[in-house]
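Here is the structure we will look at.
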Amino acid sequence: MNNTHRHEPASWGSAVFYSPNCNVLFVMPSPLTGIRMGKFLRKSLDIAGFSVVVSLVQLILLVRQIDYTYTPSRASRASYYAFVTQAVYDSYICLINMTAMFMYDDLFFPFGAATVFAFILLLFSGKYLVFLHDAHWPGLRNHTPGRHDLTKLYIRMFFIMTGGIFVIYLYAGNNSFWPTAAIWLLTFFLSSSWVFQIVHNIARGTNHGVRAEYMVGSTVLRLMLPLYAFGCPNNIFFFDTTPALWMLCSWVGVQVSVLLSQDLFG
């Protein structure tokens, strides 16, 4: 008996809006493409579950990194600004999960769990940043100007996050060149955290500031979002696939290779 597997047809359509009161005619670009709601919800549930796993593994890696740099002398080998950049990246993940949590009732609990784990990861990252700050600038510990500088840094992080959200909003509403270029510049910047660690090693003549498993593991896990958003067709973010993704992967791979070389050869 010959069974034929039927694939689900692609969704497409066209639309014309006309207002007789305003005498306005608006024609949507044709064809309109998208994902069926049932398939969208199934994909979203898979992404939410995967996000929980990613946050949990990242939390384990971060705890092991904290144990690795348990003394101020060891912590001073890790770049403070590298981990600040990673914390900003993780903040976006938390905000994305939180936004998805309120989009649909069916996604509230799955993305709610993903938000909780992402927020716990941010709490540990914030605690580690304070420890790194005190290790790099011990004279500013419990000192008002030093704490003021730390507050200003967190305010800058907040404005970077707010600007990034605005860029994402522009991209969602406009698929033109500048919003696309802006979101890619933001993605490349947040994926360049190990540049700070490389410069830190060269400037201070140190190495082994970051565990190799944290370096490789966290890098791969943080690449999962751009790999899905820009490499998977018909994704839930409705981003187009682009060859620039391979440039991003190559750039991140170069950073990790240089860091591993510094640890191996000094």
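In the structure tokens, chains take the letters A, B, ... in the order shown, each chain's residues start at 1, and ligands count up from 1 in the order shown.
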
Subject >> Every residue of range 200-251 of chain A that DSSP places in helix (DSSP H, G or I), as a ChimeraX atom specification >> reply: /A:200-204,212-231,244-251

Write to file, as a compact mmCIF listing (two decimals), in the first residue's frame, the residues of the selection just made, with N, CA and C atoms.
# COMPACT_ATOMS: atom_id res chain seq x y z
N HIS A 200 42.19 42.51 27.96
CA HIS A 200 42.55 42.47 29.38
C HIS A 200 43.77 41.57 29.60
N ASN A 201 43.80 40.41 28.95
CA ASN A 201 44.95 39.51 29.09
C ASN A 201 46.22 40.15 28.57
N ILE A 202 46.12 40.85 27.45
CA ILE A 202 47.31 41.49 26.86
C ILE A 202 47.79 42.65 27.73
N ALA A 203 46.86 43.47 28.21
CA ALA A 203 47.23 44.65 28.99
C ALA A 203 47.84 44.28 30.33
N ARG A 204 47.36 43.23 30.96
CA ARG A 204 47.85 42.87 32.29
C ARG A 204 48.81 41.69 32.27
N ALA A 212 37.75 27.22 30.69
CA ALA A 212 37.56 26.87 29.28
C ALA A 212 36.14 26.37 29.02
N GLU A 213 35.59 25.61 29.97
CA GLU A 213 34.23 25.10 29.77
C GLU A 213 33.21 26.23 29.77
N TYR A 214 33.44 27.26 30.61
CA TYR A 214 32.53 28.40 30.59
C TYR A 214 32.68 29.19 29.30
N MET A 215 33.92 29.36 28.87
CA MET A 215 34.20 30.12 27.66
C MET A 215 33.49 29.49 26.45
N VAL A 216 33.68 28.20 26.27
CA VAL A 216 33.11 27.51 25.11
C VAL A 216 31.61 27.31 25.30
N GLY A 217 31.21 26.84 26.48
CA GLY A 217 29.80 26.52 26.72
C GLY A 217 28.89 27.74 26.63
N SER A 218 29.26 28.82 27.32
CA SER A 218 28.40 30.01 27.30
C SER A 218 28.38 30.64 25.91
N THR A 219 29.49 30.55 25.19
CA THR A 219 29.53 31.11 23.84
C THR A 219 28.57 30.38 22.92
N VAL A 220 28.61 29.05 22.98
CA VAL A 220 27.71 28.25 22.12
C VAL A 220 26.25 28.50 22.49
N LEU A 221 25.96 28.57 23.79
CA LEU A 221 24.57 28.76 24.22
C LEU A 221 24.05 30.14 23.83
N ARG A 222 24.90 31.15 23.90
CA ARG A 222 24.44 32.49 23.53
C ARG A 222 24.31 32.65 22.02
N LEU A 223 24.89 31.75 21.26
CA LEU A 223 24.73 31.78 19.81
C LEU A 223 23.42 31.13 19.37
N MET A 224 22.76 30.42 20.27
CA MET A 224 21.55 29.70 19.89
C MET A 224 20.46 30.65 19.39
N LEU A 225 20.30 31.80 20.06
CA LEU A 225 19.24 32.72 19.66
C LEU A 225 19.47 33.30 18.27
N PRO A 226 20.65 33.89 17.96
CA PRO A 226 20.84 34.37 16.58
C PRO A 226 20.83 33.26 15.55
N LEU A 227 21.29 32.06 15.91
CA LEU A 227 21.24 30.94 14.97
C LEU A 227 19.81 30.60 14.59
N TYR A 228 18.93 30.64 15.59
CA TYR A 228 17.52 30.35 15.30
C TYR A 228 16.85 31.52 14.59
N ALA A 229 17.07 32.75 15.11
CA ALA A 229 16.35 33.90 14.58
C ALA A 229 16.75 34.24 13.16
N PHE A 230 18.06 34.07 12.83
CA PHE A 230 18.55 34.49 11.52
C PHE A 230 18.94 33.32 10.62
N GLY A 231 18.85 32.09 11.15
CA GLY A 231 19.24 30.94 10.34
C GLY A 231 18.13 29.95 10.07
N ALA A 244 24.86 36.67 6.69
CA ALA A 244 25.66 37.38 7.70
C ALA A 244 25.79 36.58 8.99
N LEU A 245 24.89 35.61 9.17
CA LEU A 245 24.97 34.77 10.36
C LEU A 245 26.29 34.03 10.43
N TRP A 246 26.81 33.58 9.29
CA TRP A 246 28.07 32.84 9.28
C TRP A 246 29.24 33.76 9.60
N MET A 247 29.12 35.05 9.26
CA MET A 247 30.14 36.02 9.67
C MET A 247 30.15 36.15 11.19
N LEU A 248 28.96 36.17 11.78
CA LEU A 248 28.86 36.26 13.24
C LEU A 248 29.49 35.04 13.90
N CYS A 249 29.16 33.86 13.39
CA CYS A 249 29.72 32.63 13.97
C CYS A 249 31.23 32.59 13.82
N SER A 250 31.75 33.04 12.68
CA SER A 250 33.19 33.07 12.46
C SER A 250 33.86 34.04 13.41
N TRP A 251 33.22 35.21 13.61
CA TRP A 251 33.78 36.23 14.50
C TRP A 251 33.84 35.72 15.94

Give me the range 186-261 of chain A side of the contact with range 35-46 of chain A, cut-off 10 Å, one line per residue showing its nearest atom pair and distance in Å at one decimal, counting only C-alpha atoms, sorted by chain and residue number, as a Markdown table.
| residue | atom | partner | partner_atom | distance |
| --- | --- | --- | --- | --- |
| A:Asn234 | CA | A:Ile35 | CA | 6.9 |
| A:Asn235 | CA | A:Lys43 | CA | 8.0 |
| A:Ile236 | CA | A:Phe40 | CA | 6.4 |
| A:Phe237 | CA | A:Ser44 | CA | 9.7 |
| A:Phe238 | CA | A:Ile35 | CA | 9.0 |

Please produce a file of the residues just selected, as a CSV table (one decimal), in the first residue's frame, where the atoms kept are all heavy atoms.
chain,number,residue,atom,x,y,z
A,234,ASN,N,11.0,30.6,8.6
A,234,ASN,CA,9.7,30.5,9.3
A,234,ASN,C,9.8,30.5,10.8
A,234,ASN,O,9.1,29.7,11.5
A,234,ASN,CB,8.9,29.3,8.8
A,234,ASN,CG,8.6,29.4,7.3
A,234,ASN,OD1,8.3,30.5,6.8
A,234,ASN,ND2,8.7,28.2,6.6
A,235,ASN,N,10.7,31.3,11.4
A,235,ASN,CA,10.9,31.3,12.8
A,235,ASN,C,9.8,32.2,13.5
A,235,ASN,O,9.2,33.0,12.8
A,235,ASN,CB,12.3,31.7,13.2
A,235,ASN,CG,12.6,33.1,12.7
A,235,ASN,OD1,12.2,34.1,13.2
A,235,ASN,ND2,13.3,33.2,11.6
A,236,ILE,N,9.7,32.1,14.8
A,236,ILE,CA,8.6,32.8,15.5
A,236,ILE,C,8.9,34.3,15.6
A,236,ILE,O,8.0,35.0,15.9
A,236,ILE,CB,8.3,32.2,16.9
A,236,ILE,CG1,9.6,32.3,17.8
A,236,ILE,CG2,8.0,30.7,16.8
A,236,ILE,CD1,9.3,31.9,19.2
A,237,PHE,N,10.1,34.7,15.3
A,237,PHE,CA,10.4,36.1,15.3
A,237,PHE,C,10.2,36.8,14.0
A,237,PHE,O,10.3,38.0,13.9
A,237,PHE,CB,11.9,36.3,15.8
A,237,PHE,CG,12.2,35.7,17.1
A,237,PHE,CD1,13.0,34.6,17.2
A,237,PHE,CD2,11.7,36.3,18.3
A,237,PHE,CE1,13.3,34.1,18.4
A,237,PHE,CE2,12.0,35.8,19.5
A,237,PHE,CZ,12.8,34.7,19.6
A,238,PHE,N,9.9,36.0,13.0
A,238,PHE,CA,9.7,36.4,11.6
A,238,PHE,C,10.9,37.2,11.0
A,238,PHE,O,10.7,38.1,10.2
A,238,PHE,CB,8.4,37.3,11.6
A,238,PHE,CG,7.2,36.6,12.1
A,238,PHE,CD1,6.7,36.9,13.3
A,238,PHE,CD2,6.6,35.7,11.3
A,238,PHE,CE1,5.6,36.3,13.8
A,238,PHE,CE2,5.4,35.0,11.8
A,238,PHE,CZ,4.9,35.3,13.0

When you look at range 87-96 of chain A with a cut-off of 8 Å (counting only C-alpha atoms), what residues show up, excluding the ones that are within fewer than 4 positions of it in the same chain? I need them as a PDB file with N, CA and C atoms, in the first residue's frame.
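For reference, result.pdb as written:
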ATOM      1  N   PHE A  83      32.056  40.465  31.194  1.00  0.00           N
ATOM      2  CA  PHE A  83      30.882  39.920  31.870  1.00  0.00           C
ATOM      3  C   PHE A  83      29.741  40.926  31.934  1.00  0.00           C
ATOM      4  N   ALA A 100       7.119  37.593  25.484  1.00  0.00           N
ATOM      5  CA  ALA A 100       6.367  36.460  24.926  1.00  0.00           C
ATOM      6  C   ALA A 100       5.371  35.900  25.931  1.00  0.00           C
ATOM      7  N   ALA A 114      10.537  30.260  31.642  1.00  0.00           N
ATOM      8  CA  ALA A 114      11.774  30.702  30.990  1.00  0.00           C
ATOM      9  C   ALA A 114      12.227  32.044  31.545  1.00  0.00           C
ATOM     10  N   THR A 115      11.267  32.933  31.842  1.00  0.00           N
ATOM     11  CA  THR A 115      11.607  34.237  32.414  1.00  0.00           C
ATOM     12  C   THR A 115      12.206  34.089  33.803  1.00  0.00           C
ATOM     13  N   ALA A 118      15.758  32.819  33.501  1.00  0.00           N
ATOM     14  CA  ALA A 118      16.619  33.873  32.960  1.00  0.00           C
ATOM     15  C   ALA A 118      16.877  34.942  34.009  1.00  0.00           C
ATOM     16  N   PHE A 119      15.873  35.250  34.842  1.00  0.00           N
ATOM     17  CA  PHE A 119      16.048  36.260  35.881  1.00  0.00           C
ATOM     18  C   PHE A 119      16.986  35.764  36.977  1.00  0.00           C
ATOM     19  N   LEU A 121      19.430  33.728  36.506  1.00  0.00           N
ATOM     20  CA  LEU A 121      20.755  33.868  35.902  1.00  0.00           C
ATOM     21  C   LEU A 121      21.248  35.298  36.008  1.00  0.00           C
ATOM     22  N   LEU A 122      20.361  36.270  35.810  1.00  0.00           N
ATOM     23  CA  LEU A 122      20.747  37.682  35.928  1.00  0.00           C
ATOM     24  C   LEU A 122      21.137  38.037  37.358  1.00  0.00           C
ATOM     25  N   SER A 125      24.567  36.799  37.846  1.00  0.00           N
ATOM     26  CA  SER A 125      25.488  37.641  37.066  1.00  0.00           C
ATOM     27  C   SER A 125      25.739  38.962  37.768  1.00  0.00           C
ATOM     28  N   GLY A 126      24.676  39.565  38.319  1.00  0.00           N
ATOM     29  CA  GLY A 126      24.853  40.824  39.038  1.00  0.00           C
ATOM     30  C   GLY A 126      25.732  40.676  40.268  1.00  0.00           C
ATOM     31  N   MET A 157      24.031  50.506  31.203  1.00  0.00           N
ATOM     32  CA  MET A 157      23.499  49.217  30.770  1.00  0.00           C
ATOM     33  C   MET A 157      22.000  49.318  30.499  1.00  0.00           C
ATOM     34  N   MET A 161      20.126  48.695  26.919  1.00  0.00           N
ATOM     35  CA  MET A 161      19.013  47.761  26.772  1.00  0.00           C
ATOM     36  C   MET A 161      17.802  48.454  26.167  1.00  0.00           C
ATOM     37  N   LEU A 190      27.119  42.670  21.156  1.00  0.00           N
ATOM     38  CA  LEU A 190      26.858  41.805  22.304  1.00  0.00           C
ATOM     39  C   LEU A 190      27.535  40.452  22.162  1.00  0.00           C
TER      40      LEU A 190
END

Original post:
Using only C-alpha atoms, which of the listed residues (A:Ile66, A:Ala181, A:Val53, A:Val116) sits closest to Met98 in chain A?
Top reply: A:Val116

Subject >> Who sits within 8 Å of Phe124 in chain A, only C-alpha atoms, same chain under 4 positions skipped, as a list of chain:residue names >> reply: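 Skipping anything fewer than 4 positions along the chain leaves A:Leu59, A:Leu62, A:Val63, A:Ile120, A:Tyr128.
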